[in-house]
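Source file: my_file_37.tsv. Holds: TSV, C-alpha atoms and all ligand atoms.
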```
chain	number	residue	atom	x	y	z
A	1	MET	CA	-61.46	-46.46	130.92
A	2	GLU	CA	-59.79	-49.45	129.31
A	3	ILE	CA	-61.92	-52.60	129.18
A	4	LYS	CA	-59.56	-55.54	129.68
A	5	GLU	CA	-61.96	-58.12	131.03
A	6	VAL	CA	-65.58	-58.58	130.02
A	7	GLY	CA	-68.34	-60.68	131.54
A	8	VAL	CA	-71.27	-61.94	129.47
A	9	VAL	CA	-74.38	-63.29	131.19
A	10	GLY	CA	-76.13	-65.81	128.94
A	11	SER	CA	-74.67	-67.73	126.00
A	12	GLY	CA	-77.70	-67.90	123.72
A	13	ALA	CA	-77.91	-66.38	120.23
A	14	MET	CA	-76.71	-62.94	121.38
A	15	GLY	CA	-74.52	-63.83	124.38
A	16	ALA	CA	-72.45	-66.33	122.37
A	17	GLY	CA	-71.97	-63.72	119.63
A	18	ILE	CA	-70.86	-61.09	122.13
A	19	VAL	CA	-68.35	-63.56	123.63
A	20	GLU	CA	-67.04	-64.32	120.12
A	21	VAL	CA	-66.41	-60.69	119.14
A	22	CYS	CA	-64.80	-59.81	122.49
A	23	ALA	CA	-62.48	-62.83	122.55
A	24	GLN	CA	-61.55	-62.30	118.91
A	25	ALA	CA	-60.63	-58.69	119.74
A	26	GLY	CA	-58.16	-59.94	122.38
A	27	ILE	CA	-60.33	-59.31	125.44
A	28	ALA	CA	-60.58	-61.89	128.26
A	29	VAL	CA	-64.20	-63.02	128.65
A	30	THR	CA	-66.05	-64.85	131.40
A	31	VAL	CA	-69.42	-66.16	130.26
A	32	SER	CA	-72.06	-67.35	132.71
A	33	GLU	CA	-75.06	-69.59	132.15
A	34	ALA	CA	-78.06	-70.72	134.17
A	35	ASN	CA	-76.78	-74.31	134.50
A	36	ASP	CA	-74.11	-76.73	133.23
A	37	ASP	CA	-76.20	-78.02	130.31
A	38	PHE	CA	-76.82	-74.52	128.92
A	39	LEU	CA	-73.17	-73.62	129.50
A	40	LYS	CA	-72.03	-76.69	127.56
A	41	LYS	CA	-74.40	-75.79	124.73
A	42	GLY	CA	-73.18	-72.18	124.67
A	43	MET	CA	-69.49	-73.15	124.70
A	44	ALA	CA	-70.13	-75.68	121.89
A	45	ARG	CA	-71.81	-72.93	119.88
A	46	ILE	CA	-68.80	-70.63	120.36
A	47	ASP	CA	-66.37	-73.46	119.48
A	48	ALA	CA	-68.38	-74.26	116.32
A	49	TYR	CA	-68.29	-70.61	115.27
A	50	PHE	CA	-64.48	-70.48	115.45
A	51	SER	CA	-64.13	-73.91	113.77
A	52	LYS	CA	-66.12	-72.51	110.85
A	53	SER	CA	-63.83	-69.46	110.77
A	54	VAL	CA	-60.85	-71.85	110.52
A	55	GLU	CA	-62.57	-73.84	107.72
A	56	LYS	CA	-63.24	-70.60	105.83
A	57	GLY	CA	-59.58	-69.61	106.20
A	58	LYS	CA	-60.45	-66.48	108.21
A	59	ILE	CA	-58.28	-67.56	111.16
A	60	THR	CA	-55.74	-70.35	111.73
A	61	ALA	CA	-56.20	-73.34	114.06
A	62	GLN	CA	-53.64	-71.69	116.40
A	63	ASP	CA	-55.64	-68.45	116.37
A	64	LYS	CA	-58.70	-70.46	117.36
A	65	GLU	CA	-56.87	-72.04	120.30
A	66	ALA	CA	-55.58	-68.64	121.45
A	67	ILE	CA	-59.08	-67.10	121.21
A	68	LEU	CA	-60.73	-69.99	123.09
A	69	ALA	CA	-58.07	-69.73	125.81
A	70	ARG	CA	-59.37	-66.21	126.54
A	71	ILE	CA	-62.90	-67.55	127.26
A	72	LYS	CA	-63.87	-68.90	130.66
A	73	GLY	CA	-67.26	-70.50	131.27
A	74	THR	CA	-69.06	-70.52	134.63
A	75	THR	CA	-72.43	-71.04	136.29
A	76	ASN	CA	-71.46	-68.76	139.16
A	77	VAL	CA	-71.85	-65.02	138.50
A	78	ALA	CA	-69.40	-64.32	141.35
A	79	ASP	CA	-66.66	-65.41	138.90
A	80	MET	CA	-67.29	-62.11	137.10
A	81	LYS	CA	-66.35	-59.94	140.06
A	82	ASP	CA	-63.12	-58.69	138.44
A	83	CYS	CA	-64.65	-57.73	135.09
A	84	ASP	CA	-64.48	-54.11	133.93
A	85	LEU	CA	-67.72	-54.45	131.96
A	86	ILE	CA	-70.50	-57.03	132.12
A	87	VAL	CA	-73.05	-57.44	129.33
A	88	GLU	CA	-76.28	-59.21	130.24
A	89	ALA	CA	-77.94	-61.19	127.41
A	90	VAL	CA	-80.58	-63.34	129.13
A	91	PRO	CA	-84.20	-63.61	127.90
A	92	GLU	CA	-86.27	-60.43	127.60
A	93	LYS	CA	-87.86	-60.55	131.07
A	94	LEU	CA	-87.60	-57.48	133.29
A	95	GLU	CA	-87.68	-59.28	136.64
A	96	MET	CA	-84.99	-61.75	135.51
A	97	LYS	CA	-82.74	-58.94	134.31
A	98	LYS	CA	-83.27	-56.91	137.49
A	99	SER	CA	-82.38	-59.87	139.67
A	100	ILE	CA	-79.14	-60.41	137.70
A	101	PHE	CA	-78.23	-56.71	137.90
A	102	SER	CA	-78.87	-56.69	141.63
A	103	GLN	CA	-76.55	-59.71	142.11
A	104	LEU	CA	-73.86	-58.19	139.89
A	105	ASP	CA	-74.07	-54.89	141.75
A	106	LYS	CA	-73.30	-56.67	145.01
A	107	ILE	CA	-70.30	-58.68	143.79
A	108	CYS	CA	-68.57	-56.24	141.41
A	109	ALA	CA	-66.17	-53.39	142.12
A	110	LYS	CA	-67.88	-50.01	142.18
A	111	GLU	CA	-66.15	-49.03	138.89
A	112	THR	CA	-67.58	-51.98	136.93
A	113	ILE	CA	-69.98	-50.96	134.16
A	114	LEU	CA	-73.13	-53.06	133.84
A	115	ALA	CA	-74.79	-53.26	130.42
A	116	THR	CA	-77.93	-54.89	129.09
A	117	ASN	CA	-78.51	-56.10	125.55
A	118	THR	CA	-82.28	-55.63	125.92
A	119	SER	CA	-84.17	-54.94	122.69
A	120	ALA	CA	-87.17	-53.23	124.21
A	121	LEU	CA	-87.04	-52.86	127.99
A	122	SER	CA	-86.29	-49.52	129.59
A	123	ILE	CA	-82.67	-49.20	130.75
A	124	VAL	CA	-83.57	-47.16	133.81
A	125	ASP	CA	-86.10	-49.81	134.92
A	126	ILE	CA	-83.18	-52.27	135.04
A	127	ALA	CA	-80.67	-49.74	136.46
A	128	ILE	CA	-82.79	-49.10	139.57
A	129	ALA	CA	-82.05	-52.65	140.71
A	130	THR	CA	-78.48	-51.43	141.39
A	131	ASN	CA	-76.75	-48.82	143.51
A	132	ARG	CA	-74.87	-47.56	140.45
A	133	PRO	CA	-77.49	-46.38	137.91
A	134	ASP	CA	-74.87	-43.95	136.52
A	135	ARG	CA	-72.76	-46.95	135.47
A	136	VAL	CA	-75.60	-48.83	133.77
A	137	LEU	CA	-76.31	-48.53	130.04
A	138	GLY	CA	-77.75	-50.45	127.12
A	139	LEU	CA	-75.38	-52.08	124.63
A	140	HIS	CA	-77.77	-53.19	121.91
A	141	PHE	CA	-76.01	-55.58	119.55
A	142	PHE	CA	-77.55	-56.90	116.33
A	143	ASN	CA	-77.96	-60.48	115.22
A	144	PRO	CA	-75.70	-62.16	114.12
A	145	VAL	CA	-73.30	-60.26	116.38
A	146	PRO	CA	-70.02	-61.08	114.56
A	147	VAL	CA	-71.51	-59.88	111.24
A	148	MET	CA	-73.54	-56.81	112.19
A	149	LYS	CA	-71.39	-53.71	112.70
A	150	LEU	CA	-73.90	-51.54	114.51
A	151	LEU	CA	-73.90	-51.13	118.29
A	152	GLU	CA	-76.58	-48.90	119.82
A	153	ILE	CA	-75.27	-47.30	123.03
A	154	VAL	CA	-78.40	-46.60	125.05
A	155	ARG	CA	-78.19	-43.97	127.77
A	156	SER	CA	-80.83	-43.73	130.45
A	157	ILE	CA	-81.56	-40.48	132.28
A	158	ALA	CA	-79.16	-41.73	134.97
A	159	THR	CA	-76.25	-42.93	132.78
A	160	SER	CA	-73.14	-40.76	133.20
A	161	ASP	CA	-71.18	-39.23	130.31
A	162	ALA	CA	-68.13	-41.29	131.34
A	163	THR	CA	-70.16	-44.53	131.07
A	164	VAL	CA	-71.41	-43.55	127.59
A	165	GLU	CA	-67.82	-42.76	126.54
A	166	ALA	CA	-66.59	-46.11	127.91
A	167	GLY	CA	-69.38	-47.88	125.98
A	168	LYS	CA	-68.36	-46.13	122.77
A	169	GLU	CA	-64.68	-46.97	123.30
A	170	PHE	CA	-65.55	-50.61	124.01
A	171	GLY	CA	-67.68	-50.74	120.83
A	172	LYS	CA	-64.80	-49.43	118.73
A	173	ALA	CA	-62.33	-51.83	120.39
A	174	ILE	CA	-64.43	-54.82	119.27
A	175	GLY	CA	-64.83	-53.49	115.72
A	176	LYS	CA	-68.35	-52.08	115.99
A	177	SER	CA	-69.79	-48.74	114.89
A	178	PRO	CA	-71.34	-47.21	118.01
A	179	VAL	CA	-74.26	-44.79	117.87
A	180	VAL	CA	-75.71	-43.12	120.97
A	181	VAL	CA	-79.45	-43.04	121.61
A	182	LYS	CA	-81.69	-42.09	124.53
A	183	ASP	CA	-83.55	-44.77	126.50
A	184	THR	CA	-86.74	-44.79	124.37
A	185	PRO	CA	-88.75	-47.75	123.06
A	186	GLY	CA	-87.20	-49.20	119.87
A	187	PHE	CA	-84.05	-47.06	120.18
A	188	ILE	CA	-83.12	-45.98	116.61
A	189	VAL	CA	-83.25	-49.06	114.41
A	190	ASN	CA	-86.39	-50.81	115.63
A	191	ARG	CA	-88.28	-47.54	115.85
A	192	LEU	CA	-87.58	-46.97	112.14
A	193	VAL	CA	-87.74	-50.50	110.79
A	194	MET	CA	-90.89	-51.71	112.55
A	195	PRO	CA	-93.38	-49.30	110.93
A	196	PHE	CA	-91.61	-49.89	107.59
A	197	THR	CA	-91.97	-53.68	107.86
A	198	LEU	CA	-95.57	-53.44	109.10
A	199	ASP	CA	-96.35	-51.20	106.10
A	200	ALA	CA	-94.82	-53.80	103.76
A	201	ILE	CA	-97.20	-56.38	105.29
A	202	ARG	CA	-100.12	-53.94	104.85
A	203	LEU	CA	-99.25	-53.59	101.12
A	204	LEU	CA	-99.41	-57.37	100.81
A	205	GLU	CA	-102.60	-57.61	102.88
A	206	GLN	CA	-104.32	-55.00	100.70
A	207	GLY	CA	-103.27	-56.83	97.51
A	208	ILE	CA	-101.29	-53.81	96.30
A	209	ALA	CA	-98.30	-55.91	95.23
A	210	THR	CA	-97.05	-59.49	95.53
A	211	LYS	CA	-94.60	-60.43	98.28
A	212	GLU	CA	-91.88	-60.97	95.70
A	213	ASP	CA	-92.45	-57.53	94.14
A	214	ILE	CA	-92.50	-55.78	97.54
A	215	ASP	CA	-89.16	-57.40	98.43
A	216	THR	CA	-87.67	-56.75	94.97
A	217	ALA	CA	-88.75	-53.09	95.15
A	218	CYS	CA	-86.90	-52.58	98.45
A	219	LYS	CA	-83.80	-54.47	97.30
A	220	GLN	CA	-83.53	-52.81	93.89
A	221	GLY	CA	-85.02	-49.42	94.70
A	222	LEU	CA	-83.61	-48.84	98.18
A	223	ASN	CA	-80.50	-51.01	98.00
A	224	HIS	CA	-81.63	-53.04	101.03
A	225	PRO	CA	-79.77	-56.38	101.16
A	226	MET	CA	-83.04	-58.19	102.02
A	227	GLY	CA	-86.66	-57.26	101.38
A	228	PRO	CA	-88.81	-56.51	104.46
A	229	LEU	CA	-90.84	-59.73	104.16
A	230	GLU	CA	-87.71	-61.86	103.71
A	231	MET	CA	-86.17	-60.04	106.66
A	232	THR	CA	-89.06	-60.59	109.05
A	233	ASP	CA	-89.19	-64.28	108.00
A	234	PHE	CA	-85.48	-64.41	108.87
A	235	LEU	CA	-85.80	-62.71	112.27
A	236	GLY	CA	-89.10	-64.34	113.26
A	237	ASN	CA	-92.64	-63.06	112.62
A	238	ASP	CA	-93.49	-63.59	116.29
A	239	ILE	CA	-90.65	-61.23	117.27
A	240	LEU	CA	-92.09	-58.53	114.99
A	241	TYR	CA	-95.65	-59.17	116.18
A	242	TYR	CA	-94.97	-59.02	119.92
A	243	GLY	CA	-92.37	-56.29	119.51
A	244	SER	CA	-94.75	-54.04	117.56
A	245	LEU	CA	-97.61	-54.71	119.99
A	246	ASP	CA	-95.28	-53.59	122.77
A	247	MET	CA	-94.28	-50.44	120.86
A	248	TYR	CA	-97.96	-49.70	120.13
A	249	GLU	CA	-98.70	-50.05	123.83
A	250	LYS	CA	-95.90	-47.59	124.67
A	251	TYR	CA	-96.35	-44.94	121.95
A	252	LYS	CA	-100.10	-45.37	121.30
A	253	ASP	CA	-99.22	-44.61	117.67
A	254	PRO	CA	-101.16	-46.63	115.03
A	255	LYS	CA	-98.04	-46.95	112.89
A	256	PHE	CA	-96.91	-49.67	115.34
A	257	MET	CA	-100.22	-51.57	115.24
A	258	PRO	CA	-99.61	-55.06	113.81
A	259	PRO	CA	-101.73	-55.85	110.72
A	260	VAL	CA	-104.35	-58.63	111.04
A	261	LEU	CA	-102.41	-60.74	108.51
A	262	LEU	CA	-99.36	-60.79	110.81
A	263	GLN	CA	-101.48	-61.70	113.83
A	264	LYS	CA	-103.07	-64.60	111.90
A	265	MET	CA	-99.70	-65.85	110.65
A	266	VAL	CA	-98.34	-65.93	114.20
A	267	ALA	CA	-101.49	-67.76	115.38
A	268	ALA	CA	-100.99	-70.32	112.57
A	269	GLY	CA	-97.35	-70.84	113.58
A	270	TRP	CA	-96.02	-69.31	110.33
A	271	LEU	CA	-93.14	-67.73	112.17
A	272	GLY	CA	-90.69	-67.61	109.26
A	273	ARG	CA	-87.54	-69.58	108.50
A	274	LYS	CA	-87.35	-71.22	111.94
A	275	ALA	CA	-90.85	-72.71	111.40
A	276	GLY	CA	-90.27	-73.72	107.75
A	277	LYS	CA	-93.01	-71.29	106.69
A	278	GLY	CA	-93.63	-67.58	106.89
A	279	PHE	CA	-94.31	-65.21	104.02
A	280	TYR	CA	-92.27	-67.72	102.00
A	281	ASP	CA	-91.94	-71.51	102.17
A	282	TYR	CA	-88.64	-72.92	103.47
A	283	LYS	CA	-89.35	-76.65	103.46
B	301	LIG	N1	-82.04	-62.52	119.13
B	301	LIG	C1	-81.96	-61.30	118.63
B	301	LIG	O1	-82.07	-61.05	117.41
B	301	LIG	C2	-81.68	-60.13	119.56
B	301	LIG	C3	-81.13	-58.94	119.04
B	301	LIG	C4	-80.82	-57.91	119.91
B	301	LIG	C5	-81.08	-58.03	121.27
B	301	LIG	N2	-81.64	-59.19	121.74
B	301	LIG	C6	-81.87	-59.28	123.19
B	301	LIG	O2	-80.80	-60.05	123.75
B	301	LIG	C7	-81.26	-60.77	124.90
B	301	LIG	C8	-80.97	-62.24	124.71
B	301	LIG	O3	-81.60	-62.70	123.55
B	301	LIG	P1	-81.18	-64.08	122.83
B	301	LIG	O4	-81.87	-64.08	121.50
B	301	LIG	O5	-79.71	-64.28	122.90
B	301	LIG	O6	-81.91	-65.14	123.80
B	301	LIG	P2	-81.59	-66.70	123.97
B	301	LIG	O7	-82.82	-67.29	124.52
B	301	LIG	O8	-81.00	-67.25	122.69
B	301	LIG	O9	-80.43	-66.73	125.08
B	301	LIG	C9	-80.64	-66.40	126.43
B	301	LIG	C10	-79.66	-67.24	127.25
B	301	LIG	O10	-79.68	-66.77	128.60
B	301	LIG	C11	-79.52	-67.91	129.42
B	301	LIG	N3	-79.92	-67.61	130.80
B	301	LIG	C12	-81.16	-67.61	131.35
B	301	LIG	N4	-81.09	-67.30	132.66
B	301	LIG	C13	-79.79	-67.09	132.96
B	301	LIG	C14	-79.06	-66.74	134.14
B	301	LIG	N5	-79.68	-66.54	135.29
B	301	LIG	N6	-77.72	-66.64	134.08
B	301	LIG	C15	-77.06	-66.84	132.92
B	301	LIG	N7	-77.69	-67.19	131.76
B	301	LIG	C16	-79.03	-67.29	131.77
B	301	LIG	C17	-80.36	-68.98	128.75
B	301	LIG	O11	-80.01	-70.27	129.21
B	301	LIG	C18	-80.03	-68.72	127.29
B	301	LIG	O12	-78.90	-69.48	126.86
B	301	LIG	C19	-82.75	-60.43	125.04
B	301	LIG	O13	-82.90	-59.37	125.93
B	301	LIG	C20	-83.13	-60.00	123.63
B	301	LIG	O14	-84.25	-59.13	123.62
B	301	LIG	C21	-81.92	-60.25	120.94
```
Rewrite the coordinates I just gave you, this time as structure tokens.
Ligand SMILES: NC(=O)c1ccc[n+]([C@@H]2O[C@H](COP(=O)([O-])OP(=O)(O)OC[C@H]3O[C@@H](n4cnc5c(N)ncnc54)[C@H](O)[C@@H]3O)[C@@H](O)[C@H]2O)c1
Amino acid sequence: MEIKEVGVVGSGAMGAGIVEVCAQAGIAVTVSEANDDFLKKGMARIDAYFSKSVEKGKITAQDKEAILARIKGTTNVADMKDCDLIVEAVPEKLEMKKSIFSQLDKICAKETILATNTSALSIVDIAIATNRPDRVLGLHFFNPVPVMKLLEIVRSIATSDATVEAGKEFGKAIGKSPVVVKDTPGFIVNRLVMPFTLDAIRLLEQGIATKEDIDTACKQGLNHPMGPLEMTDFLGNDILYYGSLDMYEKYKDPKFMPPVLLQKMVAAGWLGRKAGKGFYDYK
């Protein structure tokens, strides 16, 4: 199935990135937001991204105009009715996502594939809000979307083979490397990286090594581009804390239990780069 027109619900950090990669790959995109103010903010974010690409010499000013011409903004999801694929990227709230999927199910053609960019929710829990659970899947992009090549294609017990194939083809068409994973908490990447990062915090908490040496060890010894403490500061220590609590709840496996140090840092507001302080100081 060829994906010619894509809808993106939400133009925050992830939604804007998904719009950018689709439009840059030549696909027509309709992006929807909750209201005009958020839509304006999202469109400005997308415009700024392509202006930077022009400044860096990655694209020309004409390329930018051509790319932006492929993007349509709306506050009415009904404007997405002709899309072949719609990717939802609204906040991580199950009821909100279900309500959007139920609306999309009513307005879209029966062939339209509905995808969620959820990080941690179950795909089938969202799919049951529709009458097409076989055409619902997870498309888990990584942040920042234009930079990160990986795309986790998440199949629920109800997702059809054809939908998985269409997801893979779409991923390749927008320059991503798709991997297929079953609908399980953490998918592949978060399931592996969370215990690793929590263990790095435990090493620090137990005074086994300094934060700098833990990060240097992973960069120099494992060839990781960032150390685990630098990385969690970058992504947000609150995201790791609540994400690992959620995984612990689901798997009941102590490897996902957040260390006390992380809990105290979140309580103190040391959330990482965005707060000016985390494991490191950014002021
Ligand atoms: N940020 C990350 O690193 C990351 C990575 C992978 C997946 N995710 C997942 O992607 C999803 C979005 O995350 P984000 O970081 O982009 O969040 P965000 O808060 O930056 O953006 C969410 C956007 O959705 C909009 N929105 C809310 N209700 C809406 C509605 N009814 N219709 C249209 N738009 C609506 C908001 O106005 C906001 O702009 C979440 O499920 C998150 O778990 C996030």
Residue contacts of Thr75 of chain A (7 Å, all atoms listed in the file) excluding same-chain residues fewer than 4 positions away, as a PyMOL selection string: chain A and resi 32-36
Test item: which residues lie within 10 Å of (-94.8, -58.4, 116.6) counting all atoms listed in the file, as a PyMOL selection string: chain A and resi 194+198+232+236-248+256-259+262-263+266
Point (-80.4, -52.9, 134.4) neighbourhood (6 Å, all atoms listed in the file) written as a ChimeraX atom specification: /A:98,101,123,126-127
Test item: residues at most 10 Å from Ala78 of chain A, all atoms listed in the file, excluding those fewer than 5 positions along its chain, as a PyMOL selection string: chain A and resi 32+103-104+106-108
Taking only C-alpha atoms and all ligand atoms into account, produce a table as a Markdown table in which each residue of chain A with an atom at most 9 Å from an atom of ligand LIG 301 (chain B) appears once, together with its shortest atom pair and the distance in Å to one decimal, ordered by chain and rising number.
```
| residue | atom | partner | partner_atom | distance |
| --- | --- | --- | --- | --- |
| A:Val8 | CA | B:LIG301 | C15 | 8.3 |
| A:Val9 | CA | B:LIG301 | C15 | 4.8 |
| A:Gly10 | CA | B:LIG301 | N7 | 3.5 |
| A:Ser11 | CA | B:LIG301 | O12 | 4.7 |
| A:Gly12 | CA | B:LIG301 | O9 | 3.3 |
| A:Ala13 | CA | B:LIG301 | O5 | 3.8 |
| A:Met14 | CA | B:LIG301 | O5 | 3.6 |
| A:Gly15 | CA | B:LIG301 | O5 | 5.4 |
| A:Ala16 | CA | B:LIG301 | O5 | 7.6 |
| A:Gly17 | CA | B:LIG301 | O5 | 8.4 |
| A:Val31 | CA | B:LIG301 | C15 | 8.1 |
| A:Ser32 | CA | B:LIG301 | C15 | 5.0 |
| A:Glu33 | CA | B:LIG301 | C15 | 3.5 |
| A:Ala34 | CA | B:LIG301 | N6 | 4.1 |
| A:Asn35 | CA | B:LIG301 | O11 | 7.4 |
| A:Asp37 | CA | B:LIG301 | O11 | 8.7 |
| A:Phe38 | CA | B:LIG301 | O11 | 5.3 |
| A:Leu39 | CA | B:LIG301 | O12 | 7.5 |
| A:Lys41 | CA | B:LIG301 | O12 | 8.0 |
| A:Gly42 | CA | B:LIG301 | O12 | 6.7 |
| A:Thr74 | CA | B:LIG301 | C15 | 9.0 |
| A:Thr75 | CA | B:LIG301 | C15 | 7.1 |
| A:Asn76 | CA | B:LIG301 | N6 | 8.3 |
| A:Val77 | CA | B:LIG301 | N6 | 7.5 |
| A:Glu88 | CA | B:LIG301 | C7 | 7.5 |
| A:Ala89 | CA | B:LIG301 | C7 | 4.2 |
| A:Val90 | CA | B:LIG301 | O10 | 3.6 |
| A:Pro91 | CA | B:LIG301 | C19 | 4.5 |
| A:Glu92 | CA | B:LIG301 | O13 | 3.9 |
| A:Lys93 | CA | B:LIG301 | O13 | 7.2 |
| A:Leu94 | CA | B:LIG301 | O13 | 8.9 |
| A:Met96 | CA | B:LIG301 | N5 | 7.2 |
| A:Lys97 | CA | B:LIG301 | N5 | 8.3 |
| A:Ser99 | CA | B:LIG301 | N5 | 8.4 |
| A:Ile100 | CA | B:LIG301 | N5 | 6.6 |
| A:Thr116 | CA | B:LIG301 | O13 | 7.4 |
| A:Asn117 | CA | B:LIG301 | O2 | 4.9 |
| A:Thr118 | CA | B:LIG301 | O13 | 3.8 |
| A:Ser119 | CA | B:LIG301 | O14 | 4.3 |
| A:Ala120 | CA | B:LIG301 | O14 | 6.6 |
| A:Leu121 | CA | B:LIG301 | O13 | 8.0 |
| A:Leu139 | CA | B:LIG301 | C5 | 8.9 |
| A:His140 | CA | B:LIG301 | C5 | 5.9 |
| A:Phe141 | CA | B:LIG301 | C4 | 5.4 |
| A:Phe142 | CA | B:LIG301 | C3 | 4.9 |
| A:Asn143 | CA | B:LIG301 | O1 | 4.7 |
| A:Pro144 | CA | B:LIG301 | O1 | 7.3 |
| A:Val145 | CA | B:LIG301 | C3 | 8.4 |
| A:Leu235 | CA | B:LIG301 | O1 | 6.6 |
| A:Gly236 | CA | B:LIG301 | O1 | 8.8 |
| A:Ile239 | CA | B:LIG301 | O1 | 8.6 |
```
Pairwise distance for atom CA of Pro254 of chain A and atom CA of Arg273 of chain A, rounded to one decimal in Å: 27.5 Å
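The space separating atom CA of Cys83 of chain A from atom CA of Ala115 of chain A comes to 12.0 Å.
With all atoms listed in the file as the atoms that count, the minimum distance from Ala162 of chain A to the choices A:Arg135, A:Gly207, A:Asp79, A:Val179 is reached by A:Arg135.
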Among listed residues A:Ile128, A:Ile174, A:Ile59, A:Val189, nearest Glu152 of chain A (using all atoms listed in the file): A:Val189
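Counting all atoms listed in the file, the residue from A:Ile208, A:Ile46, A:Val87, A:Met226 that sits nearest to Gly73 of chain A is A:Ile46.
Among the candidates A:Ala173, A:Ala109, A:Met148, A:Val154, the one nearest to Gln24 of chain A when counting only C-alpha atoms is A:Ala173.
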Atom CA of Ala28 of chain A to atom CA of Arg70 of chain A, distance in Å rounded to a single decimal: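 According to the coordinates, atom CA of Ala28 of chain A and atom CA of Arg70 of chain A are separated by 4.8 Å.
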Pick from A:Ile214, A:Val6, A:Val54, A:Ile113 nearest to Lys72 of chain A, counting all atoms listed in the file: A:Val6
Selected residue, from A:Leu85, A:Lys40, A:Leu229, A:Lys149, that lies nearest to Gly167 of chain A when counting only C-alpha atoms: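 Once distances to Gly167 of chain A are computed over only C-alpha atoms, the minimum belongs to A:Leu85.
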Near-Phe196 of chain A list (10 Å; all atoms listed in the file; drop same-chain fewer than 6 positions) as a list of chain:residue names: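 The neighbour list is A:Asn190, A:Arg202, A:Pro228, A:Lys255, A:Phe256.
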Include C-alpha atoms and write out the residues we just selected as a compact mmCIF listing (two decimals), in the frame of the given file.
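And here's again-v3.txt as it stands now:
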```txt
# COMPACT_ATOMS: atom_id res chain seq x y z
CA ASN A 190 -86.39 -50.81 115.63
CA ARG A 202 -100.12 -53.94 104.85
CA PRO A 228 -88.81 -56.51 104.46
CA LYS A 255 -98.04 -46.95 112.89
CA PHE A 256 -96.91 -49.67 115.34
```
Test item: residues at most 6 Å from Ile27 of chain A, only C-alpha atoms, excluding those fewer than 3 positions along its chain, as a ChimeraX atom specification: /A:4-5,22-23
